[in-house]
Amino acid sequence: MILVFCELKDGKLRKPSAEALSEGRRLADAAGLKLAALTVGASAEGAADAATYGADLILTCASPALASYSSDAFAAAIADAAKAKGATVVLGAATAMGKDALPRAAARLEAGYAGDVTGLSMEGGKLQALRPVYAGKAFATTGFTSAIQVATTRPNVFPATEKAGAGAMEAVEAPAGGFKAIVKEILAKGGGKVDLTEANVIVAGGRGLKSGENFKLLEDLAEALGGVVGASRAAVDAGWGLPHSIQVGQTGKVVSPTLYIAAGISGAIQHLAGMSSSKYIVAINKDPEAPIFKIADYGIVGDLFEVVPELTKAAKAMGVGAHH
Amino acid sequence: MKILVCLKQVPDTETKVKVAADGKSLDPSDVKWITSPYDEYALEEALRLKEAKGAEVTAVTVGDEKAKDILRNAFALGADHAVLLKGDGQGDTLAIASMLAAFAKDKAFDLILSGNKGIGGDNGAVGPMLAELLGIGQANVVVKLEVGEGSFRAEREIEGGTEVVEGSLPAVITAQKGLNEPRYASLKGIMAAKKKTIEEVEAAGHAPATGTLAMALPPARPEGRKLEGDAASQAQALMVALKNEAKVF
Ligand SMILES: Cc1cc2nc3c(=O)[nH]c(=O)nc-3n(C[C@H](O)[C@H](O)[C@H](O)COP(=O)(O)OP(=O)(O)OC[C@H]3O[C@@H](n4cnc5c(N)ncnc54)[C@H](O)[C@@H]3O)c2cc1C
Ligand SMILES: Nc1ncnc2c1ncn2[C@@H]1O[C@H](COP(=O)(O)O)[C@@H](O)[C@H]1O
């Protein structure tokens, strides 16, 4: 059996989880295995959505004690369900929660773990994972020797494909309590904007923006395109008041949106590492020799202070907004 | 308070990745090895706790002879003890976590700090695995940490916000950029570090649960094109290209 840990938010299946589930379905079909979804939380509202993405079985681990996320409790719930059902492959999305709970669950299962994978296959009954290493400067194929194999799927890479599954619901026992660490509060930032790693469009700025205030230009463009704003490390470290969480690169977020627009970013190796797997890259730089142009699909040599507002204008005029 | 800091030696971020002749590992020629940047935040946090509250800081790495460099650096920055667990520090995360767990098990550390990921391998797994193997709590990708009597409060990055995690000590905390600003080693520290002794222990742990079967470079991106004209026509041309050629919209 393949077990997929699914995250629910506001009574709905999260998109990265739907992607993991779809990939689970594909692998289950290839290997002749059953697919189970597992939800963990105070309630199982929305768990039935898993049937839309091919789950044969939907395991729900619900208890008031699980209303707030706890690494140890959720990892225990995942590992215990995997054991109880004899799952040999355990998947989840490489979200903040998935990257926290699944390696921990893997250790509990004495299982190998491949994180943030961009490709999966079943070879001779065992999982094989393709994953970017060195922040995408290379790709590694990971094989497993452990009986159980655990992996997290990078958001936005695997398609969420609707395919009806039997979706038989089954409640499983919740961990007893006495959790060692638990979430007390969530401090939302930026009005619940999409995270960089899940965004379809990213408009990123570098030192060429010259000040934090000027990032408003990028926000306007991002809004017109239905995207979010990112930054180079030089911009984040410049003391312009930009949050660390928007840094793109080897020591920041590694992103692969459909469209990445880099304005006033030179294209240092550490920055390229974080964004060169984007589907389309646009570079705006006044220096025609800037290394960023080497990987850009479309290059605009020019002053970003002139070009970016024109782009915003053109985007609004065309009424665009990216779809998947 | 006893603090353990886990350090991984990794290739410098400037490294131009070349695949070795075996087709599955990094060609080590021209690679400069450094402490993984996130582990620097972990070590800095330990040193700040030591200064604020008093603590004994032990730096540990699973690695080979050359990994002693990062332990020397930890001494230079202010670690009290440094331990080399001799073993494969670049390979499987379950194996590494179990080696660290076997080392830490009976030593009554109050706090274990690590990076949220070792750059290069980009696994992001050893911290949570170590916490599970030791049966203690964790907070991952932490940008702010407060340590109390037997408890902690940590802020960790999640999609579009911050999550406040509270728990009991001991715990594993994995560091993210923003936690602090790491110090530089002083000349005095560097000199003193040369005289300190690195403890060496044969690492013992789980057999590797994963292995790298192949490594390849990503396909080169096709040559792009430059858009001509003034700003307004460049902008117009781009939007048209994105819509009609790339079909982004
Ligand atoms: C250990 C380590 C880790 C690192 N990790 C990261 C990382 O994760 N992410 C990251 O981004 N960097 C990282 N770096 C830093 C990286 O090496 C570069 O210093 C950084 O990416 C440069 O940022 P930048 O392109 O914004 O600035 P610069 O290199 O200064 O480039 C600014 C660009 O703006 C252009 N420009 C200026 N004015 C205008 C204008 N008016 N219109 C158009 N263009 C203009 C210039 O031509 C120039 O190309 C790391 C470095 C180290 C040592
Ligand atoms: N060989 C190692 N020795 C000591 N600590 C390690 C080692 N490998 C990983 N770690 C720690 O675990 C963190 C996460 O590593 P990883 O799971 O490989 O991304 C690193 O930032 C280190 O703090």
# chains A, B, ... in the order shown; residues from 1 in each chain; ligands from 1

$ residues_near_ligand --ligand "ligand 2" --cutoff "8 Å" --atoms "only C-alpha atoms and all ligand atoms" --output "PDB file with C-alpha atoms, in the first residue's frame"
ATOM      1  CA  VAL B   5      25.387  21.731  17.981  1.00  0.00           C
ATOM      2  CA  CYS B   6      25.373  19.502  14.888  1.00  0.00           C
ATOM      3  CA  LEU B   7      27.608  20.740  12.087  1.00  0.00           C
ATOM      4  CA  LYS B   8      27.802  19.367   8.575  1.00  0.00           C
ATOM      5  CA  GLN B   9      30.719  20.001   6.277  1.00  0.00           C
ATOM      6  CA  SER B  36      26.840  24.504   6.146  1.00  0.00           C
ATOM      7  CA  PRO B  37      25.546  28.106   6.392  1.00  0.00           C
ATOM      8  CA  TYR B  38      22.453  27.172   8.432  1.00  0.00           C
ATOM      9  CA  ASP B  39      24.653  25.369  10.956  1.00  0.00           C
ATOM     10  CA  ALA B  42      22.779  27.042  15.066  1.00  0.00           C
ATOM     11  CA  VAL B  60      29.724  17.505  16.741  1.00  0.00           C
ATOM     12  CA  THR B  61      30.094  16.385  13.173  1.00  0.00           C
ATOM     13  CA  VAL B  62      29.864  13.045  11.441  1.00  0.00           C
ATOM     14  CA  GLY B  63      32.630  13.083   8.889  1.00  0.00           C
ATOM     15  CA  LEU B  85      32.162  11.015  14.844  1.00  0.00           C
ATOM     16  CA  ASP B  88      30.062   8.907   6.302  1.00  0.00           C
ATOM     17  CA  GLY B  89      28.720  12.387   6.959  1.00  0.00           C
ATOM     18  CA  GLN B  90      27.589  13.014   3.388  1.00  0.00           C
ATOM     19  CA  GLY B  91      25.331  10.039   2.906  1.00  0.00           C
ATOM     20  CA  THR B  93      20.185  10.928   6.670  1.00  0.00           C
ATOM     21  CA  ILE B  96      23.684  10.130  10.202  1.00  0.00           C
ATOM     22  CA  ALA B  97      20.800  10.909  12.563  1.00  0.00           C
ATOM     23  CA  LEU B 100      24.248  11.517  16.292  1.00  0.00           C
ATOM     24  CA  LEU B 113      20.751  22.781  17.658  1.00  0.00           C
ATOM     25  CA  SER B 114      21.213  21.980  13.989  1.00  0.00           C
ATOM     26  CA  GLY B 115      20.704  23.614  10.621  1.00  0.00           C
ATOM     27  CA  ASN B 116      17.325  23.223   8.922  1.00  0.00           C
ATOM     28  CA  LYS B 117      19.194  21.670   6.019  1.00  0.00           C
ATOM     29  CA  GLY B 118      22.705  20.892   5.010  1.00  0.00           C
ATOM     30  CA  ILE B 119      23.200  22.708   1.724  1.00  0.00           C
ATOM     31  CA  GLY B 121      22.388  17.355  -0.042  1.00  0.00           C
ATOM     32  CA  ASP B 122      19.429  19.633   0.711  1.00  0.00           C
ATOM     33  CA  ASN B 123      17.756  16.865   2.695  1.00  0.00           C
ATOM     34  CA  GLY B 124      16.331  18.789   5.632  1.00  0.00           C
ATOM     35  CA  ALA B 125      15.920  15.530   7.495  1.00  0.00           C
ATOM     36  CA  VAL B 126      18.584  14.953  10.125  1.00  0.00           C
ATOM     37  CA  GLY B 127      17.104  17.368  12.722  1.00  0.00           C
ATOM     38  CA  THR B 174      16.810  23.582  13.511  1.00  0.00           C
ATOM     39  CA  ALA B 175      18.027  27.020  12.504  1.00  0.00           C
TER      40      ALA B 175
END

$ closest_atom_pairs --of "chain A" --to "ligand 1" --cutoff "7 Å" --atoms "only C-alpha atoms and all ligand atoms" --output "tab-separated table"
residue	atom	partner	partner_atom_place_in_ligand_line	distance
A:Gly205	CA	ligand 1	26 (O)	6.6
A:Gly206	CA	ligand 1	26 (O)	3.1
A:Arg207	CA	ligand 1	26 (O)	3.8
A:Gly208	CA	ligand 1	37 (C)	3.4
A:Leu209	CA	ligand 1	38 (N)	6.4
A:Ala231	CA	ligand 1	11 (O)	6.8
A:Ser232	CA	ligand 1	11 (O)	3.4
A:Arg233	CA	ligand 1	10 (C)	3.9
A:Ala234	CA	ligand 1	23 (O)	4.2
A:Ala235	CA	ligand 1	26 (O)	5.5
A:Gln247	CA	ligand 1	9 (N)	6.0
A:Val248	CA	ligand 1	9 (N)	5.0
A:Gly249	CA	ligand 1	8 (O)	3.2
A:Gln250	CA	ligand 1	8 (O)	4.0
A:Thr251	CA	ligand 1	8 (O)	3.6
A:Gly252	CA	ligand 1	8 (O)	4.3
A:Ala263	CA	ligand 1	44 (N)	6.3
A:Gly264	CA	ligand 1	34 (O)	3.4
A:Ile265	CA	ligand 1	25 (O)	3.4
A:Ser266	CA	ligand 1	49 (O)	3.4
A:Gly267	CA	ligand 1	25 (O)	5.4
A:Ala268	CA	ligand 1	21 (O)	4.8
A:Ile269	CA	ligand 1	17 (O)	6.5
A:Gln270	CA	ligand 1	6 (C)	4.6
A:His271	CA	ligand 1	11 (O)	3.9
A:Gly274	CA	ligand 1	8 (O)	6.8
A:Ile284	CA	ligand 1	43 (C)	5.8
A:Asn285	CA	ligand 1	44 (N)	3.5
A:Lys286	CA	ligand 1	43 (C)	4.1
A:Asp287	CA	ligand 1	47 (O)	4.5
A:Ala290	CA	ligand 1	49 (O)	5.2
A:Gly302	CA	ligand 1	43 (C)	5.8
A:Asp303	CA	ligand 1	42 (N)	3.6
A:Leu304	CA	ligand 1	42 (N)	3.8
A:Phe305	CA	ligand 1	41 (N)	5.8

$ select_by_dssp --residues "region 26-74 of chain B" --states "alpha helix (DSSP H)" --output "ChimeraX atom specification"
/B:37-53,68-74

$ closest_residue --among "B:Glu181, B:Glu155, B:Glu166, B:Glu51" --to "chain A" --atoms "only C-alpha atoms"
B:Glu166

$ atom_distance --atom1 "CA of Val10 (chain B)" --atom2 "CA of Lys32 (chain B)"
8.4 Å

$ residues_around --residues "Gly54 (chain B)" --least-positions-apart "3" --cutoff "12 Å" --atoms "only C-alpha atoms" --output "JSON, numbers by chain"
{"B": [1, 2, 3, 46, 47, 48, 49, 50, 51, 57, 80]}

$ write_last_selection --atoms "C-alpha atoms" --output "mmCIF file, in the first residue's frame"
data_model
loop_
_atom_site.group_PDB
_atom_site.id
_atom_site.type_symbol
_atom_site.label_atom_id
_atom_site.label_comp_id
_atom_site.auth_asym_id
_atom_site.auth_seq_id
_atom_site.Cartn_x
_atom_site.Cartn_y
_atom_site.Cartn_z
ATOM 1 C CA MET B 1 22.799 23.992 30.443
ATOM 2 C CA LYS B 2 24.408 21.558 28.011
ATOM 3 C CA ILE B 3 24.019 22.315 24.333
ATOM 4 C CA ALA B 46 24.320 28.212 21.184
ATOM 5 C CA LEU B 47 27.093 30.730 21.835
ATOM 6 C CA ARG B 48 24.550 33.473 22.576
ATOM 7 C CA LEU B 49 22.761 31.214 25.060
ATOM 8 C CA LYS B 50 26.117 30.451 26.638
ATOM 9 C CA GLU B 51 26.818 34.150 27.031
ATOM 10 C CA VAL B 57 28.623 23.978 24.092
ATOM 11 C CA ASP B 80 33.845 24.251 24.583
#

$ select_by_dssp --residues "region 5-113 of chain B" --states "strand (DSSP E)" --output "list in words"
Val5, Cys6, Gln9, Val10, Pro11, Trp33, Ile34, Thr35, Glu56, Val57, Thr58, Ala59, Val60, Thr61, Val62, Gly63, His81, Ala82, Val83, Leu84, Leu85, Lys86, Leu111, Ile112 and Leu113 of chain B

$ residues_around --residues "Ala138 (chain A)" --least-positions-apart "2" --cutoff "8 Å" --atoms "only C-alpha atoms" --output "PDB file with C-alpha atoms, in the first residue's frame"
ATOM      1  CA  PRO A 132      17.414  18.404  -7.024  1.00  0.00           C
ATOM      2  CA  VAL A 133      20.649  18.651  -5.041  1.00  0.00           C
ATOM      3  CA  TYR A 134      23.015  21.599  -4.647  1.00  0.00           C
ATOM      4  CA  ALA A 135      19.857  23.705  -4.857  1.00  0.00           C
ATOM      5  CA  GLY A 136      19.162  22.472  -8.365  1.00  0.00           C
ATOM      6  CA  ALA A 140      20.264  12.916  -7.913  1.00  0.00           C
TER       7      ALA A 140
ATOM      8  CA  VAL B  17      28.931  21.187  -9.686  1.00  0.00           C
ATOM      9  CA  MET B 215      23.672  12.211 -10.462  1.00  0.00           C
ATOM     10  CA  ALA B 216      23.249  14.421 -13.506  1.00  0.00           C
ATOM     11  CA  LEU B 217      23.337  18.063 -14.388  1.00  0.00           C
ATOM     12  CA  PRO B 218      20.063  19.706 -15.356  1.00  0.00           C
TER      13      PRO B 218
END

$ closest_atom_pairs --of "chain B" --to "chain A" --cutoff "7 Å" --atoms "only C-alpha atoms" --output "tab-separated table"
residue	atom	partner	partner_atom	distance
B:Thr13	CA	A:Gln270	CA	6.3
B:Glu14	CA	A:Ile269	CA	6.5
B:Val17	CA	A:Lys137	CA	6.4
B:Leu94	CA	A:Gly112	CA	6.3
B:Ile119	CA	A:Tyr134	CA	6.5
B:Gly120	CA	A:Tyr134	CA	3.9
B:Gly121	CA	A:Val133	CA	5.4
B:Asp122	CA	A:Val133	CA	6.0
B:Asn123	CA	A:Gly115	CA	5.6
B:Ala125	CA	A:Pro103	CA	5.3
B:Pro128	CA	A:Arg104	CA	4.9
B:Met129	CA	A:Arg104	CA	4.7
B:Glu132	CA	A:Arg104	CA	5.7
B:Leu133	CA	A:Ala107	CA	6.6
B:Ile136	CA	A:Lys180	CA	6.4
B:Gly137	CA	A:Lys180	CA	4.6
B:Gln138	CA	A:Ala181	CA	6.4
B:Asn140	CA	A:Asp100	CA	6.5
B:Ile158	CA	A:Ala96	CA	5.2
B:Glu159	CA	A:Asp195	CA	4.9
B:Gly160	CA	A:Asp195	CA	5.0
B:Gly161	CA	A:Ala188	CA	4.4
B:Thr162	CA	A:Leu187	CA	5.0
B:Glu163	CA	A:Ile186	CA	4.5
B:Val164	CA	A:Glu185	CA	5.1
B:Val165	CA	A:Val183	CA	4.3
B:Glu166	CA	A:Ala181	CA	5.5
B:Gly167	CA	A:Ala181	CA	3.9
B:Ser168	CA	A:Lys180	CA	5.9
B:Lys177	CA	A:His244	CA	6.8
B:Gly178	CA	A:His244	CA	6.3
B:Ala209	CA	A:Gly112	CA	4.6
B:Thr210	CA	A:Phe144	CA	4.3
B:Gly211	CA	A:Gly143	CA	5.4
B:Thr212	CA	A:Thr142	CA	4.6
B:Leu213	CA	A:Thr141	CA	5.4
B:Ala214	CA	A:Thr141	CA	5.1
B:Met215	CA	A:Ala140	CA	4.3
B:Ala216	CA	A:Phe139	CA	5.3
B:Leu217	CA	A:Ala138	CA	4.4
B:Pro218	CA	A:Ala138	CA	5.7
B:Arg221	CA	A:Ile295	CA	6.1
B:Glu223	CA	A:Asp297	CA	6.9
B:Gly224	CA	A:Asp297	CA	3.9
B:Arg225	CA	A:Tyr298	CA	5.2
B:Lys226	CA	A:Gly299	CA	4.4
B:Leu227	CA	A:Ile300	CA	5.5
B:Ala231	CA	A:Val307	CA	4.9
B:Ala232	CA	A:Glu310	CA	5.5
B:Gln234	CA	A:Ile300	CA	6.8
B:Ala235	CA	A:Leu311	CA	4.8
B:Gln236	CA	A:Ala314	CA	5.9
B:Met239	CA	A:Ala315	CA	6.7
B:Val248	CA	A:Ala322	CA	6.0
B:Phe249	CA	A:Ala322	CA	4.6

$ atom_distance --atom1 "CA of Gly119 (chain A)" --atom2 "CA of Arg154 (chain A)"
9.0 Å
